[in-house]
file start-v2.txt (compact mmCIF, C-alpha atoms)
# COMPACT_ATOMS: atom_id res chain seq x y z
CA MET A 615 223.27 -68.95 142.17
CA GLU A 616 221.79 -65.62 143.29
CA MET A 617 224.16 -65.47 146.25
CA ASP A 618 227.07 -66.23 143.92
CA ARG A 619 226.17 -63.25 141.73
CA ARG A 620 225.93 -60.91 144.73
CA ASP A 621 229.31 -62.14 145.96
CA PHE A 622 230.78 -61.53 142.52
CA LEU A 623 229.54 -57.93 142.46
CA ARG A 624 230.88 -57.24 145.91
CA LYS A 625 234.28 -58.72 145.17
CA MET A 626 234.65 -57.09 141.78
CA SER A 627 233.75 -53.66 143.11
CA SER A 628 236.13 -53.73 146.06
CA ALA A 629 239.01 -56.06 145.29
CA ALA A 630 240.73 -53.72 142.84
CA ALA A 631 240.49 -50.77 145.20
CA LEU A 632 241.98 -52.72 148.07
CA ALA A 633 244.71 -54.56 146.18
CA GLY A 634 248.05 -54.27 147.92
CA SER A 635 246.66 -52.25 150.83
CA ALA A 636 244.17 -52.64 153.64
CA SER A 637 242.74 -49.28 152.54
CA VAL A 638 243.65 -46.84 149.81
CA LEU A 639 243.09 -43.90 152.09
CA GLU A 640 243.97 -45.22 155.53
CA GLN A 641 247.36 -45.60 157.17
CA ASN A 642 247.91 -46.59 160.79
CA GLY A 643 244.18 -46.41 161.40
CA GLY A 644 243.68 -42.90 160.04
CA ILE A 645 244.02 -40.64 157.02
CA ALA A 646 247.54 -40.35 155.72
CA LEU A 647 248.19 -36.60 155.49
CA SER A 648 251.52 -35.36 154.19
CA GLN A 649 252.93 -31.96 155.13
CA SER A 650 254.26 -31.47 151.60
CA SER A 651 252.66 -28.56 149.76
CA HIS A 652 252.07 -30.96 146.86
CA SER A 653 250.24 -33.60 148.89
CA ILE A 654 248.20 -31.70 151.45
CA GLY A 655 245.34 -33.89 152.55
CA MET A 656 246.31 -36.66 150.14
CA PRO A 657 247.23 -40.23 151.02
CA ALA A 658 250.86 -41.29 150.67
CA THR A 659 252.05 -41.07 147.08
CA SER A 660 252.09 -44.83 146.60
CA GLN A 661 248.55 -45.13 147.92
CA LEU A 662 247.20 -42.40 145.63
CA GLU A 663 248.99 -44.02 142.71
CA SER A 664 247.34 -47.31 143.68
CA LEU A 665 243.94 -45.64 143.58
CA ARG A 666 244.61 -43.87 140.27
CA ALA A 667 245.81 -47.13 138.75
CA GLN A 668 242.26 -48.46 139.09
CA PHE A 669 241.13 -45.86 136.47
CA PRO A 670 242.50 -46.92 133.06
CA VAL A 671 241.65 -43.64 131.33
CA LEU A 672 243.88 -41.62 133.65
CA GLY A 673 247.02 -43.30 132.29
CA GLN A 674 246.73 -41.87 128.78
CA ARG A 675 248.47 -38.90 127.18
CA VAL A 676 246.67 -36.06 125.41
CA ASN A 677 248.55 -34.03 122.83
CA GLY A 678 251.76 -35.60 124.13
CA HIS A 679 251.07 -34.61 127.75
CA PRO A 680 249.88 -36.77 130.66
CA LEU A 681 246.13 -36.35 131.04
CA ALA A 682 245.09 -34.06 133.91
CA TYR A 683 241.38 -34.76 134.17
CA LEU A 684 239.64 -31.85 135.93
CA ASP A 685 236.11 -32.30 134.57
CA SER A 686 234.63 -34.69 137.13
CA ALA A 687 231.60 -32.50 137.86
CA ALA A 688 230.48 -33.28 134.29
CA THR A 689 231.32 -36.97 134.54
CA THR A 690 233.69 -38.96 136.70
CA GLN A 691 235.96 -41.64 135.34
CA ARG A 692 235.19 -45.33 135.95
CA PRO A 693 237.36 -47.69 137.95
CA ARG A 694 238.27 -51.10 136.56
CA ALA A 695 235.89 -52.68 139.09
CA VAL A 696 232.90 -50.98 137.45
CA ILE A 697 234.11 -51.61 133.90
CA ASP A 698 234.59 -55.31 134.66
CA VAL A 699 231.13 -55.64 136.19
CA LEU A 700 229.56 -54.07 133.09
CA ALA A 701 231.53 -56.39 130.80
CA ASN A 702 230.66 -59.39 132.95
CA PHE A 703 226.94 -58.69 132.63
CA TYR A 704 227.10 -58.71 128.84
CA VAL A 705 229.33 -61.79 128.78
CA HIS A 706 227.31 -63.92 131.22
CA ASP A 707 223.91 -62.45 132.16
CA ASN A 708 222.56 -60.44 129.22
CA ALA A 709 218.78 -60.98 129.02
CA ASN A 710 215.56 -59.11 129.61
CA PRO A 711 214.97 -59.59 133.34
CA ALA A 712 212.18 -61.90 134.47
CA LYS A 713 211.97 -63.69 137.80
CA SER A 714 210.06 -66.74 136.49
CA LEU A 715 211.58 -67.43 133.05
CA HIS A 716 214.88 -68.90 131.87
CA MET A 717 218.16 -68.86 133.82
CA LEU A 718 219.68 -65.74 132.21
CA ALA A 719 216.43 -63.83 132.65
CA ARG A 720 216.33 -64.81 136.32
CA ARG A 721 219.95 -63.82 136.88
CA SER A 722 219.39 -60.50 135.13
CA ALA A 723 216.32 -59.82 137.30
CA THR A 724 218.25 -60.66 140.46
CA LEU A 725 221.13 -58.34 139.59
CA TYR A 726 218.70 -55.57 138.65
CA GLU A 727 216.72 -55.72 141.88
CA ASN A 728 219.80 -56.26 144.05
CA ALA A 729 221.14 -53.00 142.59
CA ARG A 730 217.90 -51.26 143.59
CA SER A 731 218.32 -52.54 147.14
CA THR A 732 221.94 -51.31 147.16
CA VAL A 733 220.83 -47.81 146.20
CA ALA A 734 218.02 -47.85 148.79
CA ARG A 735 220.56 -48.71 151.49
CA PHE A 736 223.00 -46.11 150.15
CA LEU A 737 220.34 -43.38 150.45
CA ASN A 738 218.79 -44.76 153.65
CA ALA A 739 215.46 -45.01 151.84
CA ARG A 740 212.67 -46.88 153.62
CA GLY A 741 212.83 -49.57 150.98
CA PRO A 742 213.73 -50.39 147.37
CA GLU A 743 210.17 -49.59 146.28
CA GLU A 744 211.13 -45.90 146.66
CA VAL A 745 213.99 -46.13 144.12
CA VAL A 746 213.02 -45.40 140.50
CA TRP A 747 215.57 -46.11 137.76
CA THR A 748 215.93 -43.30 135.22
CA ARG A 749 218.42 -42.30 132.52
CA GLY A 750 219.92 -39.68 134.82
CA THR A 751 219.13 -36.65 136.97
CA THR A 752 217.60 -34.90 133.96
CA GLU A 753 215.01 -37.59 133.35
CA ALA A 754 214.35 -37.97 137.07
CA LEU A 755 213.46 -34.28 137.41
CA ASN A 756 211.42 -34.34 134.21
CA LEU A 757 209.54 -37.33 135.60
CA VAL A 758 208.56 -35.35 138.69
CA ALA A 759 207.62 -32.28 136.68
CA SER A 760 205.56 -34.29 134.19
CA SER A 761 203.88 -36.83 136.45
CA TRP A 762 203.55 -35.08 139.80
CA GLY A 763 203.36 -31.62 138.23
CA GLY A 764 200.78 -32.67 135.67
CA ALA A 765 198.54 -34.09 138.39
CA ASN A 766 198.99 -31.41 141.05
CA LEU A 767 199.72 -28.04 139.45
CA HIS A 768 196.77 -25.81 138.60
CA ALA A 769 196.22 -22.25 137.45
CA GLY A 770 197.56 -19.78 139.97
CA ASP A 771 199.81 -22.28 141.78
CA GLU A 772 203.43 -21.40 142.41
CA ILE A 773 206.77 -23.20 142.17
CA VAL A 774 209.85 -21.81 143.88
CA VAL A 775 213.20 -22.47 142.21
CA THR A 776 216.59 -20.85 142.65
CA VAL A 777 218.61 -18.74 140.25
CA SER A 778 221.44 -21.27 140.67
CA GLU A 779 219.58 -24.13 138.96
CA HIS A 780 221.09 -26.26 136.24
CA TYR A 781 218.96 -26.20 133.08
CA SER A 782 217.80 -29.75 133.84
CA ALA A 783 216.32 -28.53 137.12
CA LEU A 784 214.88 -25.27 135.79
CA VAL A 785 213.42 -25.87 132.33
CA PRO A 786 211.16 -28.82 133.32
CA TRP A 787 209.44 -26.60 135.87
CA GLN A 788 209.10 -23.74 133.41
CA ILE A 789 207.34 -26.14 131.02
CA ALA A 790 205.17 -27.63 133.78
CA ALA A 791 204.15 -24.15 134.96
CA ARG A 792 203.32 -23.07 131.42
CA ARG A 793 201.09 -26.11 130.91
CA ALA A 794 199.22 -25.54 134.17
CA ASN A 795 199.15 -21.74 133.93
CA ALA A 796 201.12 -21.73 137.18
CA ARG A 797 203.91 -19.37 138.17
CA VAL A 798 207.64 -19.94 138.73
CA ARG A 799 209.11 -17.76 141.46
CA ILE A 800 212.87 -17.29 141.82
CA LEU A 801 214.93 -17.41 144.99
CA ASP A 802 217.96 -15.18 144.48
CA VAL A 803 221.54 -15.61 145.69
CA GLU A 804 223.94 -13.31 147.48
CA ASP A 805 226.74 -11.69 145.50
CA ASP A 806 228.95 -14.63 146.51
CA GLY A 807 226.41 -17.17 145.25
CA ARG A 808 224.92 -18.34 148.54
CA LEU A 809 221.14 -18.68 148.60
CA ARG A 810 219.14 -15.72 149.89
CA LEU A 811 217.35 -17.72 152.55
CA ASP A 812 216.06 -14.46 154.01
CA GLN A 813 213.81 -14.27 150.92
CA LEU A 814 212.42 -17.78 151.20
CA ASP A 815 209.56 -17.13 153.61
CA THR A 816 208.48 -14.16 151.51
CA LEU A 817 208.31 -16.34 148.40
CA LEU A 818 206.41 -19.15 150.12
CA SER A 819 202.65 -18.78 150.19
CA GLU A 820 199.48 -20.86 150.36
CA ARG A 821 199.75 -21.15 146.56
CA THR A 822 203.24 -22.69 146.69
CA LYS A 823 203.05 -26.34 145.69
CA LEU A 824 206.73 -27.19 145.33
CA VAL A 825 210.25 -25.92 146.08
CA ALA A 826 213.12 -27.12 143.86
CA PHE A 827 216.81 -26.48 144.44
CA PRO A 828 220.24 -28.11 144.07
CA HIS A 829 221.91 -29.76 147.06
CA VAL A 830 225.19 -28.44 145.64
CA SER A 831 225.57 -25.84 142.87
CA ASN A 832 227.17 -27.31 139.76
CA VAL A 833 228.88 -23.96 139.06
CA LEU A 834 229.98 -22.78 142.49
CA GLY A 835 230.23 -26.04 144.41
CA LEU A 836 228.34 -24.51 147.34
CA ILE A 837 226.45 -26.86 149.67
CA ASN A 838 222.92 -25.67 150.42
CA PRO A 839 221.16 -26.27 153.77
CA VAL A 840 218.64 -28.87 152.60
CA LYS A 841 217.12 -29.69 155.99
CA GLU A 842 216.38 -26.05 156.80
CA ILE A 843 214.83 -25.37 153.39
CA CYS A 844 212.74 -28.56 153.58
CA ASP A 845 211.42 -27.67 157.02
CA ARG A 846 210.39 -24.19 155.94
CA ALA A 847 208.80 -25.42 152.72
CA HIS A 848 206.83 -28.11 154.51
CA ARG A 849 205.50 -25.62 157.03
CA ALA A 850 204.09 -23.73 154.06
CA GLY A 851 202.50 -26.94 152.74
CA ALA A 852 204.88 -27.39 149.78
CA LEU A 853 206.78 -30.47 148.65
CA VAL A 854 210.53 -30.35 148.01
CA VAL A 855 212.56 -31.81 145.14
CA VAL A 856 216.35 -31.82 145.49
CA ASP A 857 218.86 -32.09 142.64
CA GLY A 858 221.58 -34.22 144.23
CA ALA A 859 223.75 -34.70 141.14
CA GLN A 860 226.71 -32.82 142.65
CA SER A 861 226.31 -33.79 146.29
CA ILE A 862 226.00 -37.56 146.47
CA PRO A 863 229.34 -38.20 144.70
CA HIS A 864 231.15 -36.26 147.43
CA PHE A 865 229.56 -37.02 150.79
CA PRO A 866 226.93 -39.37 152.29
CA VAL A 867 223.26 -38.50 151.83
CA ASP A 868 220.43 -39.71 154.08
CA VAL A 869 217.13 -38.83 152.42
CA GLN A 870 215.13 -39.48 155.57
CA GLN A 871 217.35 -37.15 157.58
CA LEU A 872 217.23 -34.46 154.89
CA GLY A 873 213.44 -34.51 154.97
CA CYS A 874 212.93 -33.90 151.24
CA ASP A 875 210.18 -35.49 149.15
CA PHE A 876 212.14 -36.18 145.95
CA PHE A 877 215.89 -36.64 145.42
CA ALA A 878 217.57 -37.19 142.05
CA PHE A 879 221.11 -38.10 141.05
CA SER A 880 223.16 -39.65 138.22
CA ALA A 881 225.47 -42.67 138.19
CA HIS A 882 228.03 -41.11 135.86
CA LYS A 883 228.91 -38.41 138.37
CA MET A 884 229.91 -41.00 141.00
CA LEU A 885 232.06 -43.54 139.12
CA GLY A 886 229.11 -45.34 137.49
CA PRO A 887 227.95 -45.71 133.88
CA MET A 888 226.36 -43.01 131.75
CA GLY A 889 222.66 -43.15 130.97
CA THR A 890 221.71 -44.30 134.47
CA GLY A 891 220.11 -42.31 137.25
CA VAL A 892 217.87 -42.50 140.27
CA LEU A 893 214.75 -40.75 141.44
CA TRP A 894 214.04 -41.36 145.10
CA ALA A 895 210.61 -40.37 146.34
CA ARG A 896 208.52 -41.17 149.38
CA ARG A 897 206.41 -44.25 148.68
CA GLU A 898 203.09 -42.53 149.40
CA ILE A 899 203.92 -39.80 146.88
CA LEU A 900 204.87 -42.32 144.19
CA GLU A 901 201.59 -44.14 144.75
CA SER A 902 199.65 -40.92 144.20
CA MET A 903 201.42 -40.06 140.93
CA PRO A 904 200.18 -41.19 137.50
CA PRO A 905 202.54 -43.14 135.21
CA TYR A 906 205.25 -41.12 133.47
CA GLN A 907 205.19 -43.40 130.44
CA ALA A 908 203.45 -46.68 129.72
CA GLY A 909 204.47 -50.06 128.36
CA SER A 910 205.56 -53.52 129.34
CA ASN A 911 206.82 -54.27 132.86
CA MET A 912 204.69 -51.55 134.47
CA ALA A 913 201.33 -52.55 132.91
CA HIS A 914 199.65 -55.87 133.77
CA ASP A 915 196.42 -57.64 132.92
CA VAL A 916 196.06 -55.44 129.85
CA ASP A 917 192.90 -55.83 127.80
CA LEU A 918 191.27 -53.76 125.09
CA GLU A 919 189.29 -52.04 127.82
CA SER A 920 191.87 -49.62 129.15
CA LYS A 921 190.13 -49.28 132.50
CA SER A 922 191.01 -52.91 133.26
CA THR A 923 194.78 -52.32 133.01
CA HIS A 924 196.62 -52.78 136.29
CA PHE A 925 199.76 -50.70 136.91
CA ALA A 926 202.69 -51.82 139.01
CA GLU A 927 203.10 -50.22 142.42
CA GLY A 928 205.78 -48.00 143.87
CA ALA A 929 208.90 -47.36 141.82
CA TRP A 930 208.05 -50.05 139.26
CA LYS A 931 205.08 -48.00 138.00
CA PHE A 932 207.54 -45.59 136.36
CA GLU A 933 209.75 -48.13 134.57
CA ALA A 934 208.14 -49.01 131.24
CA GLY A 935 209.84 -51.13 128.61
CA THR A 936 213.10 -53.06 128.49
CA PRO A 937 215.27 -51.73 131.33
CA ASN A 938 218.90 -50.69 131.22
CA VAL A 939 219.96 -53.55 133.50
CA PRO A 940 223.75 -53.07 133.26
CA GLY A 941 223.36 -49.41 134.24
CA PRO A 942 222.00 -50.08 137.74
CA VAL A 943 224.35 -53.06 138.11
CA GLY A 944 227.27 -50.77 137.29
CA LEU A 945 225.96 -48.14 139.71
CA ALA A 946 225.78 -50.73 142.49
CA ALA A 947 229.40 -51.68 141.77
CA ALA A 948 230.37 -47.99 141.85
CA ILE A 949 228.65 -47.54 145.22
CA GLU A 950 230.50 -50.48 146.73
CA PHE A 951 233.81 -49.28 145.28
CA LEU A 952 233.22 -45.79 146.66
CA GLU A 953 232.25 -47.10 150.07
CA SER A 954 235.32 -49.34 150.19
CA LEU A 955 237.47 -46.20 150.07
CA GLY A 956 235.87 -44.75 153.21
CA ARG A 957 233.50 -41.88 152.48
CA LYS A 958 234.42 -39.93 155.60
CA ASP A 959 238.09 -40.13 154.71
CA LEU A 960 237.39 -39.09 151.12
CA TRP A 961 235.44 -36.05 152.31
CA LEU A 962 238.18 -34.97 154.71
CA ARG A 963 240.76 -35.29 151.95
CA GLU A 964 238.58 -33.33 149.53
CA GLN A 965 238.25 -30.51 152.05
CA GLU A 966 242.05 -30.31 152.23
CA LEU A 967 242.26 -30.30 148.42
CA THR A 968 239.65 -27.52 148.31
CA ARG A 969 241.64 -25.41 150.75
CA HIS A 970 244.81 -25.93 148.75
CA ALA A 971 243.16 -25.06 145.44
CA LEU A 972 241.35 -21.96 146.67
CA SER A 973 244.51 -20.64 148.28
CA ALA A 974 246.38 -21.08 145.00
CA PHE A 975 243.57 -19.59 142.88
CA LYS A 976 243.52 -16.45 145.01
CA GLU A 977 247.16 -15.79 144.13
CA GLN A 978 246.43 -15.69 140.39
CA LYS A 979 246.37 -12.14 139.07
CA GLY A 980 243.62 -11.34 136.62
CA LEU A 981 241.66 -14.45 137.62
CA ARG A 982 238.33 -14.24 139.42
CA ILE A 983 236.88 -17.21 141.26
CA LEU A 984 233.08 -17.19 141.14
CA GLY A 985 231.57 -17.56 144.58
CA PRO A 986 233.26 -17.39 147.97
CA THR A 987 236.94 -18.17 148.26
CA GLU A 988 236.58 -19.70 151.71
CA PRO A 989 236.51 -23.52 151.70
CA ASN A 990 233.59 -23.88 154.11
CA ASN A 991 230.48 -25.68 152.86
CA ARG A 992 231.70 -26.39 149.36
CA ILE A 993 233.11 -29.21 147.24
CA SER A 994 236.15 -29.17 144.97
CA VAL A 995 234.47 -27.41 142.04
CA PHE A 996 236.03 -24.12 140.94
CA SER A 997 234.49 -21.86 138.31
CA PHE A 998 236.50 -18.83 137.24
CA VAL A 999 236.96 -16.16 134.61
CA ILE A 1000 240.12 -14.49 133.36
CA GLU A 1001 239.90 -10.88 132.30
CA LYS A 1002 239.81 -10.27 128.55
CA ARG A 1003 239.78 -14.01 127.79
CA ASP A 1004 236.90 -16.08 126.40
CA ALA A 1005 236.09 -19.17 128.44
CA LEU A 1006 236.15 -21.55 125.47
CA ASP A 1007 239.50 -20.18 124.31
CA ILE A 1008 240.91 -21.01 127.73
CA VAL A 1009 239.46 -24.52 127.57
CA LYS A 1010 241.08 -25.09 124.17
CA ALA A 1011 244.43 -23.74 125.34
CA LEU A 1012 244.40 -26.03 128.37
CA ASP A 1013 243.43 -29.00 126.21
CA THR A 1014 246.59 -28.58 124.15
CA MET A 1015 248.49 -29.22 127.39
CA GLY A 1016 246.44 -32.31 128.27
CA ILE A 1017 244.34 -30.52 130.91
CA ALA A 1018 240.63 -31.31 130.67
CA VAL A 1019 238.23 -28.68 132.06
CA ARG A 1020 234.78 -27.44 131.08
CA GLY A 1021 233.72 -24.00 129.90
CA GLY A 1022 230.86 -21.95 128.52
CA ASP A 1023 227.53 -21.21 130.18
CA LEU A 1024 227.80 -24.45 132.23
CA ALA A 1025 224.05 -25.01 131.72
CA ALA A 1026 223.46 -22.30 134.30
CA LEU A 1027 223.35 -18.99 132.42
CA PRO A 1028 220.94 -17.27 134.87
CA LEU A 1029 223.41 -17.83 137.69
CA LEU A 1030 226.37 -16.68 135.61
CA LYS A 1031 224.50 -13.52 134.68
CA ARG A 1032 223.75 -12.97 138.36
CA MET A 1033 227.52 -13.20 138.93
CA GLY A 1034 228.09 -10.62 136.19
CA VAL A 1035 229.44 -12.92 133.45
CA SER A 1036 228.04 -14.92 130.53
CA GLY A 1037 230.61 -17.72 130.51
CA ALA A 1038 233.15 -19.32 132.81
CA VAL A 1039 235.73 -22.08 133.03
CA ARG A 1040 235.11 -24.87 135.54
CA ALA A 1041 237.75 -27.16 137.01
CA SER A 1042 236.35 -29.97 139.13
CA CYS A 1043 238.10 -32.61 141.19
CA TYR A 1044 237.33 -36.04 142.56
CA ALA A 1045 238.84 -38.85 144.62
CA TYR A 1046 241.62 -39.49 142.08
CA THR A 1047 242.64 -35.82 141.67
CA THR A 1048 246.10 -34.82 142.87
CA THR A 1049 247.29 -31.45 144.09
CA GLU A 1050 249.94 -31.65 141.38
CA GLU A 1051 247.16 -31.55 138.79
CA VAL A 1052 245.66 -28.47 140.41
CA ASP A 1053 249.08 -26.83 140.54
CA LEU A 1054 249.67 -27.71 136.88
CA LEU A 1055 246.37 -26.07 135.94
CA LEU A 1056 247.29 -22.87 137.72
CA ALA A 1057 250.82 -22.78 136.34
CA THR A 1058 249.48 -23.29 132.82
CA LEU A 1059 246.88 -20.54 133.30
CA GLN A 1060 249.61 -18.20 134.46
CA LYS A 1061 251.71 -18.95 131.36
CA GLU A 1062 248.65 -18.64 129.13
CA ARG A 1063 247.81 -15.26 130.63
CA ARG A 1064 251.32 -14.08 129.88
CA GLY A 1065 251.08 -15.38 126.32
CA LEU A 1066 253.93 -17.85 126.78
CA SER A 1067 252.10 -21.07 125.92
call {"tool": "encode", "arguments": {"input": "start-v2.txt", "output": "structure tokens"}}
result
Amino acid sequence: MEMDRRDFLRKMSSAAALAGSASVLEQNGGIALSQSSHSIGMPATSQLESLRAQFPVLGQRVNGHPLAYLDSAATTQRPRAVIDVLANFYVHDNANPAKSLHMLARRSATLYENARSTVARFLNARGPEEVVWTRGTTEALNLVASSWGGANLHAGDEIVVTVSEHYSALVPWQIAARRANARVRILDVEDDGRLRLDQLDTLLSERTKLVAFPHVSNVLGLINPVKEICDRAHRAGALVVVDGAQSIPHFPVDVQQLGCDFFAFSAHKMLGPMGTGVLWARREILESMPPYQAGSNMAHDVDLESKSTHFAEGAWKFEAGTPNVPGPVGLAAAIEFLESLGRKDLWLREQELTRHALSAFKEQKGLRILGPTEPNNRISVFSFVIEKRDALDIVKALDTMGIAVRGGDLAALPLLKRMGVSGAVRASCYAYTTTEEVDLLLATLQKERRGLS
């Protein structure tokens, strides 16, 4: 029965993506690249349509216009394979997981732990005991700040964070530092948004306990050199926590190769369900951390004498209460769907899309792209401002045309202020994004700027 369930997950998460084609992104053994200005770096039109057809939400109309979804950095859409796996769990396997109880409980437990193993393989973790289920990147980072920070930060200690942090990666450390009477030190960025690595060694000291930074900026889409930062932090005796929410959806991540101590990401940013995330941490660090919260499943042999309570080991110590079983099961399906598309091919195609978009953005008068306009070391996330226009007004105007983007402070006001603005519009792409959608965005912005919309 357990093997049947694993086979079901694998088939459901890949069959839809591969229907009618040996690979959505491959043709004649390689990536299908068209020379058309509207399909640079994209698979043949029929193949891209086949991929997009797996995402039901993309077929709708908004305000009478076909939906152009350019908000994937906030949340990606879900393919039918993931939706069906979630529905199947509730139809057939819904039960609190338990390995030694009734049939549904056993099946639920098997699916839950198989999903943990899938994530461990996906990250190249040393084992599933290093994978903690959370509600998302936000909770994962709060877990580290509360549990590890509460046990290890003391008066006078220092935490190094960057000015480019998302609120979820900045505020938890501000709170942890305040509680411990520790100090948060800020690593600045260049005028183009790249980290001032020349400042890092100056900020690191014998009092530095931890360095926190994003693998990829959620505003600028810039990829930071994780391995280099980890090596320098470790030489100073500090641990490293990496916010991987924007990186892992776009290219493979090997936590052992990166050399970090903690890595957090969310399912909903990589085709999976909302309310599900992962904290990866080295096993020996997890063992040294106190529980984040307490309750059933992580506490055993409980008696009225609290000192007799036995806590679960590894990742399971941090998972109190009834778990969100379909969340991890859906994430596992999303991983297998994503891998079935060929991650190397997806990354190469995204680089072509990034080049196309940046080239087109640079031609827009009165529009300023935040960050560098060269495509090197960045993903397809584009934040911009238009002179004399409020970011939210632009978002609303685009919405009337069926174009979905995000705007405001993007949960990164310190970075925006460093770039000289207080709000911006962000358009973000993913595997299902077409160059036509990017071109439509730019054409609509041009009309809007001229007051013709």
call {"tool": "atom_distance", "arguments": {"input": "start-v2.txt", "atom1": "atom CA of Pro1028 of chain A", "atom2": "atom CA of Asp845 of chain A"}}
result
26.3 Å
call {"tool": "residues_around", "arguments": {"input": "start-v2.txt", "residues": "Ala852 of chain A", "least_positions_apart": "2", "cutoff": "6 Å", "atoms": "only C-alpha atoms", "output": "ChimeraX atom specification"}}
result
/A:822-824,847-848,850
call {"tool": "residues_near_point", "arguments": {"input": "start-v2.txt", "point": "(205.0, -19.3, 148.0)", "cutoff": "10 Å", "atoms": "only C-alpha atoms", "output": "PDB file with C-alpha atoms, keeping the file's coordinate frame"}}
result
ATOM      1  CA  ASP A 771     199.810 -22.280 141.780  1.00  0.00           C
ATOM      2  CA  GLU A 772     203.430 -21.400 142.410  1.00  0.00           C
ATOM      3  CA  ILE A 773     206.770 -23.200 142.170  1.00  0.00           C
ATOM      4  CA  VAL A 774     209.850 -21.810 143.880  1.00  0.00           C
ATOM      5  CA  ARG A 797     203.910 -19.370 138.170  1.00  0.00           C
ATOM      6  CA  VAL A 798     207.640 -19.940 138.730  1.00  0.00           C
ATOM      7  CA  ARG A 799     209.110 -17.760 141.460  1.00  0.00           C
ATOM      8  CA  LEU A 814     212.420 -17.780 151.200  1.00  0.00           C
ATOM      9  CA  ASP A 815     209.560 -17.130 153.610  1.00  0.00           C
ATOM     10  CA  THR A 816     208.480 -14.160 151.510  1.00  0.00           C
ATOM     11  CA  LEU A 817     208.310 -16.340 148.400  1.00  0.00           C
ATOM     12  CA  LEU A 818     206.410 -19.150 150.120  1.00  0.00           C
ATOM     13  CA  SER A 819     202.650 -18.780 150.190  1.00  0.00           C
ATOM     14  CA  GLU A 820     199.480 -20.860 150.360  1.00  0.00           C
ATOM     15  CA  ARG A 821     199.750 -21.150 146.560  1.00  0.00           C
ATOM     16  CA  THR A 822     203.240 -22.690 146.690  1.00  0.00           C
ATOM     17  CA  LYS A 823     203.050 -26.340 145.690  1.00  0.00           C
ATOM     18  CA  LEU A 824     206.730 -27.190 145.330  1.00  0.00           C
ATOM     19  CA  VAL A 825     210.250 -25.920 146.080  1.00  0.00           C
ATOM     20  CA  ALA A 847     208.800 -25.420 152.720  1.00  0.00           C
ATOM     21  CA  ALA A 850     204.090 -23.730 154.060  1.00  0.00           C
ATOM     22  CA  GLY A 851     202.500 -26.940 152.740  1.00  0.00           C
ATOM     23  CA  ALA A 852     204.880 -27.390 149.780  1.00  0.00           C
TER      24      ALA A 852
END
call {"tool": "residues_around", "arguments": {"input": "start-v2.txt", "residues": "Ala947 of chain A", "least_positions_apart": "2", "cutoff": "6 Å", "atoms": "all atoms listed in the file", "output": "ChimeraX atom specification"}}
result
/A:627,696,944-945,949-950
call {"tool": "atom_distance", "arguments": {"input": "start-v2.txt", "atom1": "atom CA of Arg810 of chain A", "atom2": "atom CA of His829 of chain A"}}
result
14.6 Å
call {"tool": "residues_around", "arguments": {"input": "start-v2.txt", "residues": "segment 777-789 of chain A", "least_positions_apart": "2", "cutoff": "10 Å", "atoms": "only C-alpha atoms", "output": "PyMOL selection string"}}
result
chain A and resi 751-760+763+773-775+791-803+807-809+824+826-828+830-834+855-857+1024-1032
call {"tool": "closest_atom_pairs", "arguments": {"input": "start-v2.txt", "of": "segment 839-927 of chain A", "to": "segment 1040-1047 of chain A", "cutoff": "12 Å", "atoms": "only C-alpha atoms", "output": "JSON lines"}}
result
{"residue": "A:Gln860", "atom": "CA", "partner": "A:Ser1042", "partner_atom": "CA", "distance": 10.7}
{"residue": "A:Ser861", "atom": "CA", "partner": "A:Tyr1044", "partner_atom": "CA", "distance": 11.8}
{"residue": "A:Pro863", "atom": "CA", "partner": "A:Tyr1044", "partner_atom": "CA", "distance": 8.5}
{"residue": "A:His864", "atom": "CA", "partner": "A:Tyr1044", "partner_atom": "CA", "distance": 7.9}
{"residue": "A:Phe865", "atom": "CA", "partner": "A:Ala1045", "partner_atom": "CA", "distance": 11.3}
{"residue": "A:Lys883", "atom": "CA", "partner": "A:Tyr1044", "partner_atom": "CA", "distance": 9.7}
{"residue": "A:Met884", "atom": "CA", "partner": "A:Tyr1044", "partner_atom": "CA", "distance": 9.1}
{"residue": "A:Leu885", "atom": "CA", "partner": "A:Tyr1044", "partner_atom": "CA", "distance": 9.8}
